[in-house]
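Novice: Next comes the structure file entry_6.cif, holding mmCIF, C-alpha atoms.
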data_data
loop_
_atom_site.label_atom_id
_atom_site.label_comp_id
_atom_site.auth_asym_id
_atom_site.auth_seq_id
_atom_site.Cartn_x
_atom_site.Cartn_y
_atom_site.Cartn_z
CA MET M 1 0.00 0.00 0.00
CA ASN M 2 2.90 2.37 0.68
CA ARG M 3 4.08 1.89 -2.90
CA THR M 4 0.76 3.07 -4.39
CA VAL M 5 0.35 6.12 -2.17
CA PRO M 6 3.37 8.03 -3.60
CA HIS M 7 2.21 7.04 -7.09
CA LEU M 8 -1.23 8.54 -6.41
CA PHE M 9 0.34 11.74 -5.09
CA ALA M 10 2.43 12.02 -8.24
CA TYR M 11 -0.65 11.43 -10.39
CA PHE M 12 -2.70 14.12 -8.66
CA ALA M 13 0.21 16.56 -8.29
CA ASN M 14 -0.15 17.39 -11.98
CA GLY M 15 -3.92 17.35 -11.80
CA TRP M 16 -4.46 20.89 -13.02
CA GLU M 17 -2.24 20.25 -16.01
CA ARG M 18 -4.25 17.13 -16.83
CA ILE M 19 -7.51 19.03 -16.45
CA ALA M 20 -6.28 21.83 -18.69
CA CYS M 21 -5.27 19.32 -21.35
CA MET M 22 -8.52 17.38 -21.15
CA LEU M 23 -10.87 20.38 -21.05
CA PRO M 24 -11.01 20.96 -24.83
CA LEU M 25 -11.72 17.27 -25.43
CA CYS M 26 -14.47 17.28 -22.80
CA LEU M 27 -16.09 20.35 -24.36
CA VAL M 28 -16.09 18.74 -27.81
CA LEU M 29 -17.55 15.52 -26.46
CA PHE M 30 -20.20 17.43 -24.52
CA ALA M 31 -21.16 19.44 -27.61
CA CYS M 32 -21.41 16.27 -29.69
CA HIS M 33 -23.50 14.62 -27.00
CA ALA M 34 -25.83 17.62 -26.79
CA ASN M 35 -26.44 17.52 -30.56
CA SER M 36 -26.83 13.75 -30.55
CA GLN M 37 -29.79 14.09 -28.18
CA LEU M 38 -31.89 15.46 -31.04
CA THR M 39 -33.72 12.93 -33.16
CA GLU M 40 -33.18 12.98 -36.90
CA GLN M 41 -36.48 14.82 -37.33
CA GLN M 42 -35.60 17.39 -34.65
CA ALA M 43 -32.18 17.95 -36.22
CA ALA M 44 -33.86 18.59 -39.59
CA GLY M 45 -36.22 21.01 -37.83
CA LYS M 46 -33.27 22.76 -36.19
CA HIS M 47 -31.69 23.28 -39.60
CA LEU M 48 -34.96 24.70 -40.98
CA TYR M 49 -35.30 26.97 -37.94
CA GLN M 50 -31.74 28.26 -38.32
CA VAL M 51 -32.18 28.91 -42.05
CA ARG M 52 -35.72 30.28 -42.12
CA CYS M 53 -36.67 31.51 -38.64
CA ALA M 54 -33.62 32.55 -36.63
CA HIS M 55 -32.91 35.60 -38.80
CA CYS M 56 -35.87 37.31 -37.19
CA HIS M 57 -36.69 35.34 -34.05
CA GLU M 58 -33.12 35.28 -32.71
CA ASP M 59 -30.71 37.51 -34.55
CA ASN M 60 -33.08 40.19 -35.88
CA ASP M 61 -30.39 40.76 -38.49
CA LEU M 62 -33.03 42.34 -40.70
CA ALA M 63 -33.17 45.23 -38.20
CA LEU M 64 -36.92 44.94 -37.77
CA LYS M 65 -38.40 47.77 -35.70
CA LYS M 66 -40.77 45.40 -33.91
CA VAL M 67 -38.67 42.51 -32.63
CA PRO M 68 -40.38 39.14 -33.24
CA PRO M 69 -41.14 37.00 -30.17
CA ASP M 70 -38.56 34.69 -28.66
CA LEU M 71 -39.50 31.09 -29.47
CA HIS M 72 -37.37 29.39 -26.80
CA GLY M 73 -39.65 27.25 -24.66
CA LEU M 74 -42.60 28.04 -26.93
CA PHE M 75 -44.53 24.92 -25.95
CA ASP M 76 -43.70 25.33 -22.25
CA ARG M 77 -46.27 28.12 -22.14
CA LYS M 78 -50.03 27.71 -22.36
CA THR M 79 -50.38 30.37 -25.03
CA LEU M 80 -48.37 31.70 -27.93
CA PRO M 81 -47.23 35.34 -27.87
CA SER M 82 -50.32 36.08 -29.99
CA GLY M 83 -52.58 34.73 -27.25
CA ALA M 84 -53.57 31.63 -29.24
CA PRO M 85 -53.22 28.27 -27.49
CA ALA M 86 -49.70 26.81 -27.70
CA THR M 87 -50.61 23.89 -29.94
CA ASP M 88 -49.08 22.39 -33.06
CA ASP M 89 -52.10 23.50 -35.08
CA ALA M 90 -51.84 27.12 -33.92
CA VAL M 91 -48.10 27.29 -34.63
CA ARG M 92 -48.59 25.61 -38.01
CA GLN M 93 -51.29 28.16 -38.87
CA ASN M 94 -49.04 31.09 -37.84
CA VAL M 95 -46.17 29.78 -39.95
CA ILE M 96 -48.29 29.06 -43.02
CA THR M 97 -50.44 32.20 -43.06
CA GLY M 98 -48.25 34.63 -41.15
CA ARG M 99 -49.30 36.92 -38.35
CA SER M 100 -49.02 40.64 -37.86
CA MET M 101 -45.65 41.58 -39.42
CA MET M 102 -44.60 37.97 -40.00
CA PRO M 103 -45.06 36.85 -43.58
CA GLY M 104 -46.67 33.52 -44.39
CA PHE M 105 -44.44 30.61 -45.35
CA ALA M 106 -47.08 28.45 -47.06
CA CYS M 107 -44.91 27.59 -50.07
CA ARG M 108 -41.67 27.17 -48.14
CA PHE M 109 -42.54 24.22 -45.89
CA ASP M 110 -43.96 20.90 -47.02
CA GLN M 111 -45.73 18.70 -44.47
CA GLU M 112 -42.57 16.76 -43.58
CA GLN M 113 -40.61 19.97 -43.03
CA MET M 114 -43.39 21.47 -40.94
CA ALA M 115 -43.46 18.34 -38.78
CA ALA M 116 -39.68 18.60 -38.35
CA LEU M 117 -39.89 22.29 -37.42
CA LEU M 118 -42.61 21.58 -34.86
CA ALA M 119 -40.59 18.67 -33.44
CA TYR M 120 -37.63 21.01 -32.97
CA LEU M 121 -39.76 23.76 -31.43
CA HIS M 122 -41.00 21.17 -28.91
CA THR M 123 -37.39 20.74 -27.73
CA GLY M 124 -37.40 24.34 -26.49
CA LEU M 125 -34.72 25.18 -29.11
CA ARG M 126 -31.79 23.31 -27.63
#
As structure tokens, what does this structure read like?
Specialist:
Amino acid sequence: MNRTVPHLFAYFANGWERIACMLPLCLVLFACHANSQLTEQQAAGKHLYQVRCAHCHEDNDLALKKVPPDLHGLFDRKTLPSGAPATDDAVRQNVITGRSMMPGFACRFDQEQMAALLAYLHTGLR
């Protein structure tokens, strides 16, 4: 037992150096694990959200005077920002026909894409 104790001290003496070296790897693995938690459908919805929704609902890179509502945790609430019930049908209707300053996207989402977008919105936008 005396032989292993000095070995353990030597191992932990450089602990901070080991942590510093392992940190980037841990961050990469954590990021990969976080993305892997999305189903294939949710991942497709995330891509659609990033390409077609985030410009206004996150970045507002179009410099809109009225900032669109934040969609994080959309289905955690009972109602949408418009006051409509937070249901798939209500969100689908808003996306297809538009609402207030938001244009309709009827021709930009087929049924499979809409299902993927809704699946991603149900994740709370992780």
Novice: Taking all atoms listed in the file into account, name the residue in M:Met102, M:Met114, M:Ala43, M:Ala84 that is nearest to Lys66 in chain M.
Specialist: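 Closest candidate: M:Met102.
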Novice: Take the PyMOL selection byres ((chain M and resi 73-80) around 12), apply it to the structure above, and return the hits as a list in words.
Specialist: His57, Pro69, Asp70, Leu71, His72, Pro81, Ser82, Gly83, Ala84, Pro85, Ala86, Thr87, Asp88, Asp89, Ala90, Val91, Arg92, Gln93, Asn94, Arg99, Leu118, Ala119, Tyr120, Leu121, His122, Thr123, Gly124, Leu125 and Arg126 of chain M
Novice: Can you report as lines of an AutoDock Vina configuration file the centre and edge lengths in Å, to one decimal, of an axis-aligned box around the listed atoms of range 90-97 of chain M padded with 6 Å on each side?
Specialist:
center_x = -49.0
center_y = 28.9
center_z = -38.5
size_x = 17.7
size_y = 18.6
size_z = 21.1
Novice: Would you write out, as a VMD selection string, every residue that the PyMOL selection byres ((chain M and resi 116) around 10) captures in this file?
Specialist: chain M and resid 39 to 49 109 to 115 117 to 122
Novice: Please write the residues from the selection above to a file, keeping C-alpha atoms, as a PDB file, in the coordinates of the input.
Specialist:
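Written file, selection_0.pdb:
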ATOM      1  CA  THR M  39     -33.720  12.930 -33.160  1.00  0.00           C
ATOM      2  CA  GLU M  40     -33.180  12.980 -36.900  1.00  0.00           C
ATOM      3  CA  GLN M  41     -36.480  14.820 -37.330  1.00  0.00           C
ATOM      4  CA  GLN M  42     -35.600  17.390 -34.650  1.00  0.00           C
ATOM      5  CA  ALA M  43     -32.180  17.950 -36.220  1.00  0.00           C
ATOM      6  CA  ALA M  44     -33.860  18.590 -39.590  1.00  0.00           C
ATOM      7  CA  GLY M  45     -36.220  21.010 -37.830  1.00  0.00           C
ATOM      8  CA  LYS M  46     -33.270  22.760 -36.190  1.00  0.00           C
ATOM      9  CA  HIS M  47     -31.690  23.280 -39.600  1.00  0.00           C
ATOM     10  CA  LEU M  48     -34.960  24.700 -40.980  1.00  0.00           C
ATOM     11  CA  TYR M  49     -35.300  26.970 -37.940  1.00  0.00           C
ATOM     12  CA  PHE M 109     -42.540  24.220 -45.890  1.00  0.00           C
ATOM     13  CA  ASP M 110     -43.960  20.900 -47.020  1.00  0.00           C
ATOM     14  CA  GLN M 111     -45.730  18.700 -44.470  1.00  0.00           C
ATOM     15  CA  GLU M 112     -42.570  16.760 -43.580  1.00  0.00           C
ATOM     16  CA  GLN M 113     -40.610  19.970 -43.030  1.00  0.00           C
ATOM     17  CA  MET M 114     -43.390  21.470 -40.940  1.00  0.00           C
ATOM     18  CA  ALA M 115     -43.460  18.340 -38.780  1.00  0.00           C
ATOM     19  CA  LEU M 117     -39.890  22.290 -37.420  1.00  0.00           C
ATOM     20  CA  LEU M 118     -42.610  21.580 -34.860  1.00  0.00           C
ATOM     21  CA  ALA M 119     -40.590  18.670 -33.440  1.00  0.00           C
ATOM     22  CA  TYR M 120     -37.630  21.010 -32.970  1.00  0.00           C
ATOM     23  CA  LEU M 121     -39.760  23.760 -31.430  1.00  0.00           C
ATOM     24  CA  HIS M 122     -41.000  21.170 -28.910  1.00  0.00           C
TER      25      HIS M 122
END
Novice: What is the distance, in Å and to one decimal place, between CA of Thr97 in chain M and CA of Asn60 in chain M?
Specialist: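 Answer for the CA of Thr97 in chain M to CA of Asn60 in chain M separation: 20.4 Å.
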Novice: Can you tell me how far CA of Arg108 in chain M sits from CA of Lys65 in chain M, in Å to one decimal?
Specialist: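 Taking CA of Arg108 in chain M as the start and CA of Lys65 in chain M as the end point, the length is 24.3 Å.
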Novice: Mind pulling up the distance from CA of Ala54 in chain M to CA of Ile96 in chain M?
Specialist: 16.4 Å
Novice: May I have the residues within 8 Å of Cys56 in chain M as a compact mmCIF listing (two decimals) with C-alpha atoms, in the coordinates of the input, using all atoms listed in the file and disregarding those fewer than 4 positions away in the same chain?
Specialist:
# COMPACT_ATOMS: atom_id res chain seq x y z
CA ASN M 60 -33.08 40.19 -35.88
CA ASP M 61 -30.39 40.76 -38.49
CA LEU M 62 -33.03 42.34 -40.70
CA LEU M 64 -36.92 44.94 -37.77
CA VAL M 67 -38.67 42.51 -32.63
CA PRO M 68 -40.38 39.14 -33.24
Novice: When you write range 40-121 of chain M out from the block above, keep C-alpha atoms and present the result as a PDB file, in the first residue's frame, please.
Specialist:
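Result went into part.pdb, see below:
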ATOM      1  CA  GLU M  40     -33.180  12.984 -36.904  1.00  0.00           C
ATOM      2  CA  GLN M  41     -36.482  14.818 -37.332  1.00  0.00           C
ATOM      3  CA  GLN M  42     -35.602  17.393 -34.647  1.00  0.00           C
ATOM      4  CA  ALA M  43     -32.183  17.954 -36.215  1.00  0.00           C
ATOM      5  CA  ALA M  44     -33.862  18.588 -39.587  1.00  0.00           C
ATOM      6  CA  GLY M  45     -36.217  21.013 -37.833  1.00  0.00           C
ATOM      7  CA  LYS M  46     -33.270  22.756 -36.191  1.00  0.00           C
ATOM      8  CA  HIS M  47     -31.692  23.284 -39.599  1.00  0.00           C
ATOM      9  CA  LEU M  48     -34.955  24.704 -40.980  1.00  0.00           C
ATOM     10  CA  TYR M  49     -35.298  26.967 -37.941  1.00  0.00           C
ATOM     11  CA  GLN M  50     -31.745  28.264 -38.324  1.00  0.00           C
ATOM     12  CA  VAL M  51     -32.181  28.909 -42.055  1.00  0.00           C
ATOM     13  CA  ARG M  52     -35.721  30.285 -42.117  1.00  0.00           C
ATOM     14  CA  CYS M  53     -36.675  31.505 -38.641  1.00  0.00           C
ATOM     15  CA  ALA M  54     -33.625  32.549 -36.627  1.00  0.00           C
ATOM     16  CA  HIS M  55     -32.910  35.600 -38.802  1.00  0.00           C
ATOM     17  CA  CYS M  56     -35.869  37.312 -37.194  1.00  0.00           C
ATOM     18  CA  HIS M  57     -36.689  35.343 -34.051  1.00  0.00           C
ATOM     19  CA  GLU M  58     -33.116  35.282 -32.707  1.00  0.00           C
ATOM     20  CA  ASP M  59     -30.707  37.515 -34.548  1.00  0.00           C
ATOM     21  CA  ASN M  60     -33.078  40.191 -35.877  1.00  0.00           C
ATOM     22  CA  ASP M  61     -30.388  40.760 -38.489  1.00  0.00           C
ATOM     23  CA  LEU M  62     -33.025  42.336 -40.702  1.00  0.00           C
ATOM     24  CA  ALA M  63     -33.173  45.228 -38.200  1.00  0.00           C
ATOM     25  CA  LEU M  64     -36.918  44.941 -37.772  1.00  0.00           C
ATOM     26  CA  LYS M  65     -38.398  47.766 -35.703  1.00  0.00           C
ATOM     27  CA  LYS M  66     -40.766  45.398 -33.911  1.00  0.00           C
ATOM     28  CA  VAL M  67     -38.669  42.511 -32.630  1.00  0.00           C
ATOM     29  CA  PRO M  68     -40.384  39.144 -33.238  1.00  0.00           C
ATOM     30  CA  PRO M  69     -41.144  37.004 -30.174  1.00  0.00           C
ATOM     31  CA  ASP M  70     -38.564  34.688 -28.658  1.00  0.00           C
ATOM     32  CA  LEU M  71     -39.498  31.088 -29.471  1.00  0.00           C
ATOM     33  CA  HIS M  72     -37.374  29.387 -26.803  1.00  0.00           C
ATOM     34  CA  GLY M  73     -39.650  27.246 -24.662  1.00  0.00           C
ATOM     35  CA  LEU M  74     -42.602  28.037 -26.925  1.00  0.00           C
ATOM     36  CA  PHE M  75     -44.532  24.923 -25.949  1.00  0.00           C
ATOM     37  CA  ASP M  76     -43.698  25.326 -22.247  1.00  0.00           C
ATOM     38  CA  ARG M  77     -46.270  28.119 -22.140  1.00  0.00           C
ATOM     39  CA  LYS M  78     -50.029  27.706 -22.364  1.00  0.00           C
ATOM     40  CA  THR M  79     -50.382  30.369 -25.031  1.00  0.00           C
ATOM     41  CA  LEU M  80     -48.371  31.701 -27.933  1.00  0.00           C
ATOM     42  CA  PRO M  81     -47.226  35.337 -27.867  1.00  0.00           C
ATOM     43  CA  SER M  82     -50.316  36.078 -29.990  1.00  0.00           C
ATOM     44  CA  GLY M  83     -52.582  34.730 -27.252  1.00  0.00           C
ATOM     45  CA  ALA M  84     -53.571  31.634 -29.237  1.00  0.00           C
ATOM     46  CA  PRO M  85     -53.219  28.270 -27.489  1.00  0.00           C
ATOM     47  CA  ALA M  86     -49.698  26.811 -27.698  1.00  0.00           C
ATOM     48  CA  THR M  87     -50.611  23.888 -29.942  1.00  0.00           C
ATOM     49  CA  ASP M  88     -49.085  22.387 -33.062  1.00  0.00           C
ATOM     50  CA  ASP M  89     -52.099  23.504 -35.080  1.00  0.00           C
ATOM     51  CA  ALA M  90     -51.842  27.120 -33.920  1.00  0.00           C
ATOM     52  CA  VAL M  91     -48.099  27.291 -34.629  1.00  0.00           C
ATOM     53  CA  ARG M  92     -48.586  25.609 -38.015  1.00  0.00           C
ATOM     54  CA  GLN M  93     -51.286  28.162 -38.869  1.00  0.00           C
ATOM     55  CA  ASN M  94     -49.042  31.089 -37.844  1.00  0.00           C
ATOM     56  CA  VAL M  95     -46.168  29.783 -39.951  1.00  0.00           C
ATOM     57  CA  ILE M  96     -48.291  29.060 -43.020  1.00  0.00           C
ATOM     58  CA  THR M  97     -50.442  32.200 -43.064  1.00  0.00           C
ATOM     59  CA  GLY M  98     -48.246  34.628 -41.149  1.00  0.00           C
ATOM     60  CA  ARG M  99     -49.298  36.916 -38.349  1.00  0.00           C
ATOM     61  CA  SER M 100     -49.021  40.644 -37.861  1.00  0.00           C
ATOM     62  CA  MET M 101     -45.654  41.581 -39.420  1.00  0.00           C
ATOM     63  CA  MET M 102     -44.596  37.971 -39.995  1.00  0.00           C
ATOM     64  CA  PRO M 103     -45.058  36.847 -43.584  1.00  0.00           C
ATOM     65  CA  GLY M 104     -46.665  33.522 -44.392  1.00  0.00           C
ATOM     66  CA  PHE M 105     -44.438  30.611 -45.353  1.00  0.00           C
ATOM     67  CA  ALA M 106     -47.077  28.447 -47.064  1.00  0.00           C
ATOM     68  CA  CYS M 107     -44.911  27.589 -50.065  1.00  0.00           C
ATOM     69  CA  ARG M 108     -41.674  27.171 -48.136  1.00  0.00           C
ATOM     70  CA  PHE M 109     -42.540  24.219 -45.889  1.00  0.00           C
ATOM     71  CA  ASP M 110     -43.959  20.900 -47.019  1.00  0.00           C
ATOM     72  CA  GLN M 111     -45.730  18.695 -44.470  1.00  0.00           C
ATOM     73  CA  GLU M 112     -42.573  16.764 -43.580  1.00  0.00           C
ATOM     74  CA  GLN M 113     -40.609  19.971 -43.032  1.00  0.00           C
ATOM     75  CA  MET M 114     -43.390  21.471 -40.939  1.00  0.00           C
ATOM     76  CA  ALA M 115     -43.462  18.342 -38.778  1.00  0.00           C
ATOM     77  CA  ALA M 116     -39.678  18.601 -38.351  1.00  0.00           C
ATOM     78  CA  LEU M 117     -39.892  22.291 -37.421  1.00  0.00           C
ATOM     79  CA  LEU M 118     -42.609  21.577 -34.860  1.00  0.00           C
ATOM     80  CA  ALA M 119     -40.590  18.672 -33.438  1.00  0.00           C
ATOM     81  CA  TYR M 120     -37.632  21.013 -32.969  1.00  0.00           C
ATOM     82  CA  LEU M 121     -39.764  23.762 -31.431  1.00  0.00           C
TER      83      LEU M 121
END
